[in-house]
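See below for coords18.csv, which holds CSV, C-alpha atoms.
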```csv
chain,number,residue,atom,x,y,z
M,24,MET,CA,0.0,0.0,0.0
M,25,THR,CA,1.4,3.4,-1.0
M,26,ILE,CA,0.9,6.3,1.4
M,27,VAL,CA,0.3,9.6,-0.4
M,28,VAL,CA,0.7,12.9,1.3
M,29,GLU,CA,-0.1,16.5,0.3
M,30,ALA,CA,1.1,19.8,1.5
M,31,PHE,CA,-1.5,22.3,2.8
M,32,LEU,CA,-1.8,25.9,4.0
M,33,ASP,CA,-5.0,26.8,5.8
M,34,LEU,CA,-5.9,30.3,7.1
M,35,GLY,CA,-7.1,30.7,10.7
M,36,CYS,CA,-7.3,27.0,11.8
M,37,GLY,CA,-7.8,27.0,15.5
M,38,ASP,CA,-7.8,30.8,15.8
M,39,ASP,CA,-10.2,32.3,18.4
M,40,ASP,CA,-11.5,35.0,16.0
M,41,SER,CA,-12.5,33.6,12.7
M,42,LEU,CA,-13.1,37.1,11.3
M,43,ARG,CA,-9.6,38.2,11.9
M,44,PRO,CA,-7.4,35.1,11.7
M,45,SER,CA,-3.9,35.6,13.2
M,46,SER,CA,-2.2,32.6,11.7
M,47,TYR,CA,-1.9,30.0,9.0
M,48,SER,CA,-1.5,26.3,9.6
M,49,ALA,CA,1.0,24.7,7.2
M,50,GLY,CA,2.0,21.1,7.0
M,51,TYR,CA,1.3,17.7,5.4
M,52,ARG,CA,-1.7,15.4,5.5
M,53,LEU,CA,-2.7,12.0,4.1
M,54,ILE,CA,-4.7,12.4,0.9
M,55,GLU,CA,-6.8,9.4,1.5
M,56,THR,CA,-8.1,10.3,5.0
M,57,GLY,CA,-7.2,13.9,5.5
M,58,GLU,CA,-5.3,13.1,8.7
M,59,VAL,CA,-2.7,15.7,9.5
M,60,ILE,CA,0.8,14.2,9.8
M,61,CYS,CA,2.6,17.4,10.9
M,62,THR,CA,1.7,21.0,11.1
M,63,VAL,CA,3.2,24.4,12.1
M,64,LYS,CA,1.4,27.6,12.9
M,65,LEU,CA,2.7,30.7,11.1
M,66,PRO,CA,1.8,34.3,12.0
M,67,VAL,CA,-0.2,35.9,9.1
M,68,PRO,CA,2.4,38.7,8.4
M,69,ILE,CA,5.2,36.2,8.1
M,70,ALA,CA,3.3,33.7,5.9
M,71,GLU,CA,1.9,36.4,3.6
M,72,ALA,CA,5.2,38.2,3.2
M,73,ALA,CA,6.8,34.9,2.1
M,74,ILE,CA,4.0,34.2,-0.3
M,75,LEU,CA,4.1,37.6,-1.9
M,76,ARG,CA,7.9,37.6,-2.3
M,77,ARG,CA,7.4,34.6,-4.6
M,78,SER,CA,4.5,36.1,-6.5
M,79,LYS,CA,4.6,38.4,-9.4
M,80,ILE,CA,1.6,40.7,-9.4
M,81,SER,CA,0.8,42.8,-12.4
M,82,VAL,CA,-1.9,45.5,-12.8
M,83,ILE,CA,-2.4,47.0,-16.3
M,84,LEU,CA,-4.9,49.6,-17.6
M,85,THR,CA,-5.4,49.0,-21.3
M,86,ALA,CA,-6.1,51.7,-23.9
M,87,GLY,CA,-9.5,50.1,-24.3
M,88,GLY,CA,-10.4,50.9,-20.7
M,89,ARG,CA,-9.9,47.4,-19.1
M,90,VAL,CA,-8.1,46.9,-15.8
M,91,GLU,CA,-6.2,43.6,-16.0
M,92,VAL,CA,-4.7,42.0,-12.9
M,93,SER,CA,-2.5,38.8,-12.9
M,94,SER,CA,-0.7,36.9,-10.2
M,95,GLY,CA,0.8,33.5,-10.2
M,96,GLY,CA,-0.8,32.4,-13.5
M,97,SER,CA,-4.3,33.7,-12.5
M,98,ALA,CA,-5.8,36.7,-14.3
M,99,ALA,CA,-8.8,38.8,-14.0
M,100,ASN,CA,-10.0,41.8,-16.0
M,101,GLU,CA,-12.8,44.3,-15.8
M,102,GLN,CA,-14.0,47.4,-17.6
M,103,ILE,CA,-12.9,50.6,-15.7
M,104,ASP,CA,-16.4,52.0,-15.6
M,105,ASP,CA,-17.7,48.7,-14.1
M,106,LEU,CA,-14.9,49.0,-11.5
M,107,VAL,CA,-15.9,52.6,-10.7
M,108,ALA,CA,-19.6,51.6,-10.4
M,109,ARG,CA,-18.8,48.9,-8.0
M,110,THR,CA,-16.5,51.2,-6.0
M,111,LEU,CA,-19.4,53.8,-5.7
M,112,SER,CA,-22.1,51.3,-4.7
M,113,GLN,CA,-23.9,52.2,-1.4
M,114,ALA,CA,-22.6,49.0,0.3
M,115,ASN,CA,-19.0,49.6,-0.7
M,116,LEU,CA,-19.1,53.3,0.3
M,117,ARG,CA,-20.6,52.4,3.7
M,118,MET,CA,-18.0,49.6,4.2
M,119,GLU,CA,-15.1,51.9,3.2
M,120,GLU,CA,-16.6,54.7,5.4
M,121,ALA,CA,-16.2,57.1,2.5
M,122,THR,CA,-16.7,60.8,3.1
M,123,ALA,CA,-17.7,63.5,0.7
M,124,SER,CA,-14.1,64.7,0.8
M,125,ASP,CA,-12.9,61.2,-0.3
M,126,LEU,CA,-15.4,61.3,-3.2
M,127,LYS,CA,-14.4,64.8,-4.3
M,128,SER,CA,-10.7,63.7,-4.4
M,129,PHE,CA,-11.8,60.6,-6.4
M,130,LEU,CA,-13.7,62.9,-8.8
M,131,ARG,CA,-10.7,65.2,-9.3
M,132,ARG,CA,-8.5,62.2,-10.2
M,133,LEU,CA,-11.1,60.9,-12.6
M,134,GLU,CA,-11.4,64.3,-14.2
M,135,ARG,CA,-7.6,64.5,-14.6
M,136,SER,CA,-7.7,61.0,-16.2
M,137,VAL,CA,-10.3,62.2,-18.6
M,138,GLY,CA,-8.2,65.2,-19.5
M,139,LEU,CA,-5.2,62.9,-20.1
M,140,VAL,CA,-7.3,60.7,-22.5
M,141,LYS,CA,-8.5,63.7,-24.4
M,142,GLU,CA,-4.9,64.9,-24.8
M,143,ALA,CA,-3.9,61.5,-26.1
M,144,ILE,CA,-6.8,61.6,-28.6
M,145,ALA,CA,-5.7,65.0,-29.8
M,146,ARG,CA,-2.2,63.7,-30.4
M,147,MET,CA,-3.4,60.8,-32.6
M,148,PRO,CA,-2.9,61.2,-36.3
M,149,THR,CA,-6.1,61.9,-38.2
M,150,SER,CA,-7.4,59.4,-40.6
M,151,PRO,CA,-7.6,60.5,-44.3
```

Show me the file's structure as structure tokens.
Amino acid sequence: MTIVVEAFLDLGCGDDDSLRPSSYSAGYRLIETGEVICTVKLPVPIAEAAILRRSKISVILTAGGRVEVSSGGSAANEQIDDLVARTLSQANLRMEEATASDLKSFLRRLERSVGLVKEAIARMPTSP
């Protein structure tokens, strides 16, 4: 009989506060039964720093208005206006505790961005 093990990394196993886990459990377990063979508890900041050091994260804004994010072979993309709409949803504004001052600053940045796009359009060669 061959015993097969797998590595695992679980967030918050055994932590008192499941909403704010303070550690990861890392180790090996039997694939067939899930029985843990050995485990170590790693503080969240140490584990996440080690993970991120080995990850290459890329965020790109395309000329077509898509925000593309990739990390470790995974990728996601979204239209910038959909991203802005989700940012400005009532639930998100409440969760972020956004103020009118925050939104005015956001608006100024968006207006500056619009101005930059208009400048780029003006620089484009005209079609015959």

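Using all atoms listed in the file, the shortest contact distance between Phe129 of chain M and any of M:Ile74, M:Ile26, M:Leu111, M:Ala145 is found at M:Leu111.
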
Name the residues in contact with Ala49 of chain M at a cut-off of 8 Å, using all atoms listed in the file, excluding same-chain residues fewer than 2 positions from it; report them as number ranges by chain. M: 30-33, 47, 51, 62-65

What is the distance between atom CA of Ile103 of chain M and atom CA of Leu75 of chain M, in Å to one decimal? 25.5 Å
